[in-house]
Amino acid sequence: MQLLKQMLPAAALAAAVAAALLFIFARWWKSASRGAGAIAVGAGYVVGQVLAAGWSPFPPRYATQWLLWFAIIGAIAAAADALAGPKGTVRLVTWAIICTIACRLILQPKFSYSWSAVEGWLWVFAVGFGAVVLTCCLELVEHGPFGTATLFAVTTVVCGGACAALILSGSLLLGQFAGILAAIAASCFLLIIVVTAPFHPHGAGAPLSLICAGLWLSGFFYAELPAASALLLALAPAVALLPVTNETYSQSRVLVYRTAFVTVPVAVAVVLALRASPPLD
């Protein structure tokens, strides 16, 4: 109960801010709807992390403080993409550079105290590539049937599982940050379901993938998140792309099936984190 009291205020405020901005930008300011998801997620996460852990200085002193700036960078990048509409290759290369730089920044302590330059950059390029693939998976989900609702439903499950796995791995702070992201995704999902008028916000994939990558990196390298759990959480969104073959299914049923698909690897990731966690006594 004490843990819930500690986590709830920041998660609730972040969810409220994200839902309000999503509604304003996607419903009332139609020209900004392509970047509404990114703005809502980025702003909501910043508010939640500031309430939970205070404002992060720039440059941050600790690796986890980069997560706030990742939310800002992801939102700006997605909004700029929505406004400028660059070609696919330019867009992909630009995002790959952003992800690589983000991974390098959050792994700076490992460069300083543990790794050689070659080992460090191999990790950076590998994880940066993984972050790009994660972004592509989230965007493919978003552009599928009942896309934006499916994206937020999938993210709710993934981030909720990450919250549990990170807490079990010994980092209440990282778990709280993942819980904030899960609350944001859940509030945006409920808003899309409740609003009956045409409502198609986009762009949430960029900040979501950048923050999630930072959370899992921090959990693996700076807490005790098992490698298998981190990998399963990272691959879970791709499972939502599995085909649902029956063409007679409604969009809502497809959403339920895709969310259920994602629940399986997330549940396994949490169980593995539980098994690897120290005894409760």
# chains A, B, ... in the order shown; residues from 1 in each chain; ligands from 1
$ residues_around --residues "Ile101 (chain A)" --least-positions-apart "4" --cutoff "9 Å" --atoms "only C-alpha atoms" --output "JSON, numbers by chain"
{"A": [96, 97, 105, 106, 124, 128]}
$ residues_around --residues "Pro60 (chain A)" --least-positions-apart "5" --cutoff "10 Å" --atoms "only C-alpha atoms" --output "VMD selection string"
chain A and resid 55 65 to 69 105 to 106
$ write_last_selection --atoms "all heavy atoms" --output "PDB file, in the first residue's frame"
ATOM      1  N   TRP A  55      13.320  17.860 -11.166  1.00  0.00           N
ATOM      2  CA  TRP A  55      13.791  18.225 -12.494  1.00  0.00           C
ATOM      3  C   TRP A  55      15.206  17.708 -12.727  1.00  0.00           C
ATOM      4  O   TRP A  55      16.053  17.757 -11.835  1.00  0.00           O
ATOM      5  CB  TRP A  55      13.761  19.738 -12.670  1.00  0.00           C
ATOM      6  CG  TRP A  55      14.205  20.179 -14.028  1.00  0.00           C
ATOM      7  CD1 TRP A  55      15.426  20.686 -14.371  1.00  0.00           C
ATOM      8  CD2 TRP A  55      13.443  20.116 -15.237  1.00  0.00           C
ATOM      9  NE1 TRP A  55      15.463  20.953 -15.714  1.00  0.00           N
ATOM     10  CE2 TRP A  55      14.262  20.616 -16.265  1.00  0.00           C
ATOM     11  CE3 TRP A  55      12.143  19.693 -15.534  1.00  0.00           C
ATOM     12  CZ2 TRP A  55      13.821  20.700 -17.585  1.00  0.00           C
ATOM     13  CZ3 TRP A  55      11.720  19.777 -16.851  1.00  0.00           C
ATOM     14  CH2 TRP A  55      12.541  20.274 -17.856  1.00  0.00           C
ATOM     15  N   GLN A  65      18.543  10.193 -15.211  1.00  0.00           N
ATOM     16  CA  GLN A  65      18.028  11.542 -15.461  1.00  0.00           C
ATOM     17  C   GLN A  65      17.902  11.840 -16.950  1.00  0.00           C
ATOM     18  O   GLN A  65      17.186  12.770 -17.327  1.00  0.00           O
ATOM     19  CB  GLN A  65      18.934  12.574 -14.793  1.00  0.00           C
ATOM     20  CG  GLN A  65      18.879  12.530 -13.275  1.00  0.00           C
ATOM     21  CD  GLN A  65      19.818  13.538 -12.636  1.00  0.00           C
ATOM     22  OE1 GLN A  65      20.854  13.902 -13.205  1.00  0.00           O
ATOM     23  NE2 GLN A  65      19.471  13.998 -11.443  1.00  0.00           N
ATOM     24  N   TRP A  66      18.581  11.039 -17.778  1.00  0.00           N
ATOM     25  CA  TRP A  66      18.454  11.236 -19.224  1.00  0.00           C
ATOM     26  C   TRP A  66      17.058  10.893 -19.718  1.00  0.00           C
ATOM     27  O   TRP A  66      16.657  11.355 -20.793  1.00  0.00           O
ATOM     28  CB  TRP A  66      19.477  10.382 -19.972  1.00  0.00           C
ATOM     29  CG  TRP A  66      20.833  11.003 -20.055  1.00  0.00           C
ATOM     30  CD1 TRP A  66      21.975  10.583 -19.428  1.00  0.00           C
ATOM     31  CD2 TRP A  66      21.200  12.160 -20.820  1.00  0.00           C
ATOM     32  NE1 TRP A  66      23.019  11.416 -19.743  1.00  0.00           N
ATOM     33  CE2 TRP A  66      22.578  12.389 -20.605  1.00  0.00           C
ATOM     34  CE3 TRP A  66      20.501  13.024 -21.658  1.00  0.00           C
ATOM     35  CZ2 TRP A  66      23.261  13.436 -21.204  1.00  0.00           C
ATOM     36  CZ3 TRP A  66      21.186  14.076 -22.260  1.00  0.00           C
ATOM     37  CH2 TRP A  66      22.542  14.274 -22.028  1.00  0.00           C
ATOM     38  N   LEU A  67      16.307  10.079 -18.972  1.00  0.00           N
ATOM     39  CA  LEU A  67      14.995   9.655 -19.450  1.00  0.00           C
ATOM     40  C   LEU A  67      14.069  10.836 -19.684  1.00  0.00           C
ATOM     41  O   LEU A  67      13.281  10.849 -20.634  1.00  0.00           O
ATOM     42  CB  LEU A  67      14.378   8.675 -18.451  1.00  0.00           C
ATOM     43  CG  LEU A  67      15.128   7.347 -18.271  1.00  0.00           C
ATOM     44  CD1 LEU A  67      14.545   6.550 -17.117  1.00  0.00           C
ATOM     45  CD2 LEU A  67      15.096   6.532 -19.554  1.00  0.00           C
ATOM     46  N   LEU A  68      14.132  11.826 -18.808  1.00  0.00           N
ATOM     47  CA  LEU A  68      13.306  13.014 -19.000  1.00  0.00           C
ATOM     48  C   LEU A  68      13.653  13.719 -20.308  1.00  0.00           C
ATOM     49  O   LEU A  68      12.769  14.126 -21.072  1.00  0.00           O
ATOM     50  CB  LEU A  68      13.481  13.961 -17.812  1.00  0.00           C
ATOM     51  CG  LEU A  68      12.649  15.245 -17.814  1.00  0.00           C
ATOM     52  CD1 LEU A  68      12.264  15.606 -16.377  1.00  0.00           C
ATOM     53  CD2 LEU A  68      13.414  16.409 -18.438  1.00  0.00           C
ATOM     54  N   TRP A  69      14.929  13.836 -20.583  1.00  0.00           N
ATOM     55  CA  TRP A  69      15.364  14.500 -21.814  1.00  0.00           C
ATOM     56  C   TRP A  69      15.059  13.650 -23.037  1.00  0.00           C
ATOM     57  O   TRP A  69      14.807  14.181 -24.121  1.00  0.00           O
ATOM     58  CB  TRP A  69      16.844  14.845 -21.729  1.00  0.00           C
ATOM     59  CG  TRP A  69      17.098  15.873 -20.669  1.00  0.00           C
ATOM     60  CD1 TRP A  69      17.595  15.669 -19.409  1.00  0.00           C
ATOM     61  CD2 TRP A  69      16.806  17.280 -20.758  1.00  0.00           C
ATOM     62  NE1 TRP A  69      17.643  16.851 -18.726  1.00  0.00           N
ATOM     63  CE2 TRP A  69      17.165  17.859 -19.517  1.00  0.00           C
ATOM     64  CE3 TRP A  69      16.278  18.094 -21.758  1.00  0.00           C
ATOM     65  CZ2 TRP A  69      17.014  19.210 -19.257  1.00  0.00           C
ATOM     66  CZ3 TRP A  69      16.124  19.436 -21.500  1.00  0.00           C
ATOM     67  CH2 TRP A  69      16.491  19.991 -20.274  1.00  0.00           C
ATOM     68  N   LEU A 105      24.751   8.294 -24.527  1.00  0.00           N
ATOM     69  CA  LEU A 105      24.645   9.160 -23.355  1.00  0.00           C
ATOM     70  C   LEU A 105      24.274   8.377 -22.102  1.00  0.00           C
ATOM     71  O   LEU A 105      24.868   8.574 -21.032  1.00  0.00           O
ATOM     72  CB  LEU A 105      23.607  10.255 -23.618  1.00  0.00           C
ATOM     73  CG  LEU A 105      23.995  11.309 -24.660  1.00  0.00           C
ATOM     74  CD1 LEU A 105      22.798  12.193 -24.981  1.00  0.00           C
ATOM     75  CD2 LEU A 105      25.163  12.152 -24.175  1.00  0.00           C
ATOM     76  N   ILE A 106      23.312   7.486 -22.221  1.00  0.00           N
ATOM     77  CA  ILE A 106      22.857   6.773 -21.033  1.00  0.00           C
ATOM     78  C   ILE A 106      23.855   5.714 -20.589  1.00  0.00           C
ATOM     79  O   ILE A 106      23.868   5.284 -19.427  1.00  0.00           O
ATOM     80  CB  ILE A 106      21.458   6.157 -21.274  1.00  0.00           C
ATOM     81  CG1 ILE A 106      20.720   5.991 -19.938  1.00  0.00           C
ATOM     82  CG2 ILE A 106      21.562   4.819 -21.993  1.00  0.00           C
ATOM     83  CD1 ILE A 106      19.248   5.682 -20.093  1.00  0.00           C
TER      84      ILE A 106
END
$ atom_distance --atom1 "CA of Ala149 (chain A)" --atom2 "CA of Ile180 (chain A)"
18.1 Å
$ closest_residue --among "A:Ala238, A:Phe70, A:Gly203, A:Leu272" --to "Arg34 (chain A)" --atoms "only C-alpha atoms"
A:Gly203
$ atom_distance --atom1 "CA of Gly35 (chain A)" --atom2 "CA of Gly175 (chain A)"
27.1 Å
$ closest_atom_pairs --of "region 95-187 of chain A" --to "region 204-226 of chain A" --cutoff "10 Å" --atoms "only C-alpha atoms" --output "Markdown table"
| residue | atom | partner | partner_atom | distance |
| --- | --- | --- | --- | --- |
| A:Trp95 | CA | A:Ala206 | CA | 8.6 |
| A:Ile98 | CA | A:Leu210 | CA | 9.2 |
| A:Cys99 | CA | A:Leu210 | CA | 7.1 |
| A:Ala102 | CA | A:Leu210 | CA | 8.0 |
| A:Cys103 | CA | A:Gly214 | CA | 7.4 |
| A:Leu105 | CA | A:Gly214 | CA | 9.9 |
| A:Ile106 | CA | A:Gly214 | CA | 7.2 |
| A:Leu107 | CA | A:Leu217 | CA | 8.1 |
| A:Pro109 | CA | A:Tyr222 | CA | 9.5 |
| A:Lys110 | CA | A:Phe221 | CA | 8.3 |
| A:Val127 | CA | A:Ala213 | CA | 8.1 |
| A:Gly128 | CA | A:Ala213 | CA | 8.8 |
| A:Gly130 | CA | A:Ala213 | CA | 8.4 |
| A:Ala131 | CA | A:Ala213 | CA | 6.1 |
| A:Val132 | CA | A:Ser209 | CA | 8.1 |
| A:Val133 | CA | A:Ser209 | CA | 9.2 |
| A:Leu134 | CA | A:Ser209 | CA | 6.1 |
| A:Thr135 | CA | A:Ser209 | CA | 5.4 |
| A:Cys136 | CA | A:Gly205 | CA | 8.0 |
| A:Cys137 | CA | A:Gly205 | CA | 8.6 |
| A:Leu138 | CA | A:Gly205 | CA | 5.4 |
| A:Glu139 | CA | A:Gly205 | CA | 5.7 |
| A:Leu140 | CA | A:Gly205 | CA | 9.3 |
| A:Val141 | CA | A:Gly205 | CA | 9.2 |
| A:Glu142 | CA | A:Gly205 | CA | 7.9 |
| A:Thr148 | CA | A:Ala204 | CA | 8.7 |
| A:Leu151 | CA | A:Gly205 | CA | 8.1 |
| A:Phe152 | CA | A:Ala204 | CA | 8.7 |
| A:Thr155 | CA | A:Leu208 | CA | 8.1 |
| A:Val158 | CA | A:Cys212 | CA | 9.2 |
| A:Cys159 | CA | A:Cys212 | CA | 7.7 |
| A:Ala162 | CA | A:Trp216 | CA | 7.9 |
| A:Cys163 | CA | A:Leu215 | CA | 9.5 |
| A:Ala165 | CA | A:Leu225 | CA | 7.0 |
| A:Leu166 | CA | A:Leu225 | CA | 6.3 |
| A:Ile167 | CA | A:Leu225 | CA | 9.1 |
| A:Leu168 | CA | A:Leu225 | CA | 8.1 |
| A:Ser169 | CA | A:Glu224 | CA | 4.7 |
| A:Gly170 | CA | A:Ala223 | CA | 6.2 |
| A:Ser171 | CA | A:Ala223 | CA | 6.1 |
| A:Leu172 | CA | A:Ala223 | CA | 9.9 |
| A:Leu174 | CA | A:Leu215 | CA | 6.6 |
| A:Gly175 | CA | A:Leu215 | CA | 8.6 |
| A:Phe177 | CA | A:Leu215 | CA | 7.9 |
| A:Ala178 | CA | A:Leu215 | CA | 7.2 |
| A:Leu181 | CA | A:Leu208 | CA | 8.1 |
| A:Ala185 | CA | A:Leu208 | CA | 9.2 |
$ select_by_dssp --residues "region 7-231 of chain A" --states "alpha helix (DSSP H)" --output "ChimeraX atom specification"
/A:7-23,36-53,66-84,88-106,108-113,117-142,147-168,172-194,205-222,227-231
$ atom_distance --atom1 "CA of Ala269 (chain A)" --atom2 "CA of Leu231 (chain A)"
8.3 Å
$ residues_around --residues "Phe111 (chain A)" --least-positions-apart "5" --cutoff "9 Å" --atoms "only C-alpha atoms" --output "ChimeraX atom specification"
/A:104,116-117,119-121
$ write_last_selection --atoms "all heavy atoms" --output "JSON list (two decimals), in the first residue's frame"
[["chain", "number", "residue", "atom", "x", "y", "z"],
["A", 104, "ARG", "N", 24.41, 6.18, -26.34],
["A", 104, "ARG", "CA", 25.76, 6.56, -25.90],
["A", 104, "ARG", "C", 25.71, 7.41, -24.62],
["A", 104, "ARG", "O", 26.53, 7.22, -23.70],
["A", 104, "ARG", "CB", 26.46, 7.35, -27.01],
["A", 104, "ARG", "CG", 27.84, 7.90, -26.64],
["A", 104, "ARG", "CD", 28.80, 6.78, -26.33],
["A", 104, "ARG", "NE", 30.12, 7.29, -26.02],
["A", 104, "ARG", "CZ", 30.49, 7.75, -24.82],
["A", 104, "ARG", "NH1", 29.61, 7.75, -23.82],
["A", 104, "ARG", "NH2", 31.72, 8.19, -24.61],
["A", 116, "SER", "N", 35.99, -0.96, -22.65],
["A", 116, "SER", "CA", 36.89, -0.35, -23.63],
["A", 116, "SER", "C", 36.04, 0.38, -24.67],
["A", 116, "SER", "O", 34.82, 0.19, -24.74],
["A", 116, "SER", "CB", 37.73, -1.42, -24.31],
["A", 116, "SER", "OG", 36.90, -2.29, -25.08],
["A", 117, "ALA", "N", 36.69, 1.21, -25.47],
["A", 117, "ALA", "CA", 35.94, 1.96, -26.48],
["A", 117, "ALA", "C", 35.26, 1.03, -27.47],
["A", 117, "ALA", "O", 34.11, 1.24, -27.87],
["A", 117, "ALA", "CB", 36.88, 2.92, -27.20],
["A", 119, "GLU", "N", 34.31, -2.20, -27.09],
["A", 119, "GLU", "CA", 33.18, -2.90, -26.47],
["A", 119, "GLU", "C", 32.00, -1.96, -26.28],
["A", 119, "GLU", "O", 30.85, -2.31, -26.55],
["A", 119, "GLU", "CB", 33.61, -3.48, -25.13],
["A", 119, "GLU", "CG", 32.51, -4.24, -24.41],
["A", 119, "GLU", "CD", 32.94, -4.74, -23.05],
["A", 119, "GLU", "OE1", 34.05, -4.38, -22.60],
["A", 119, "GLU", "OE2", 32.15, -5.48, -22.42],
["A", 120, "GLY", "N", 32.29, -0.75, -25.84],
["A", 120, "GLY", "CA", 31.23, 0.21, -25.59],
["A", 120, "GLY", "C", 30.47, 0.58, -26.85],
["A", 120, "GLY", "O", 29.24, 0.59, -26.85],
["A", 121, "TRP", "N", 31.20, 0.86, -27.91],
["A", 121, "TRP", "CA", 30.52, 1.26, -29.15],
["A", 121, "TRP", "C", 29.76, 0.10, -29.79],
["A", 121, "TRP", "O", 28.74, 0.31, -30.45],
["A", 121, "TRP", "CB", 31.50, 1.88, -30.13],
["A", 121, "TRP", "CG", 31.80, 3.31, -29.78],
["A", 121, "TRP", "CD1", 32.93, 3.82, -29.23],
["A", 121, "TRP", "CD2", 30.90, 4.41, -29.94],
["A", 121, "TRP", "NE1", 32.81, 5.17, -29.03],
["A", 121, "TRP", "CE2", 31.58, 5.57, -29.46],
["A", 121, "TRP", "CE3", 29.60, 4.55, -30.43],
["A", 121, "TRP", "CZ2", 30.99, 6.83, -29.47],
["A", 121, "TRP", "CZ3", 29.01, 5.80, -30.44],
["A", 121, "TRP", "CH2", 29.70, 6.92, -29.97]]
$ residues_around --residues "Ala20 (chain A)" --least-positions-apart "2" --cutoff "12 Å" --atoms "only C-alpha atoms" --output "VMD selection string"
chain A and resid 13 to 18 22 to 28 36 to 37 39 to 41 43 to 44 184 187 to 188 190 to 192
$ residues_around --residues "Gly161 (chain A)" --least-positions-apart "4" --cutoff "7 Å" --atoms "only C-alpha atoms" --output "PyMOL selection string"
chain A and resi 157+165+266-267+270
$ closest_residue --among "A:Leu242, A:Val118, A:Val154, A:Val195" --to "Ala182 (chain A)" --atoms "only C-alpha atoms"
A:Val154
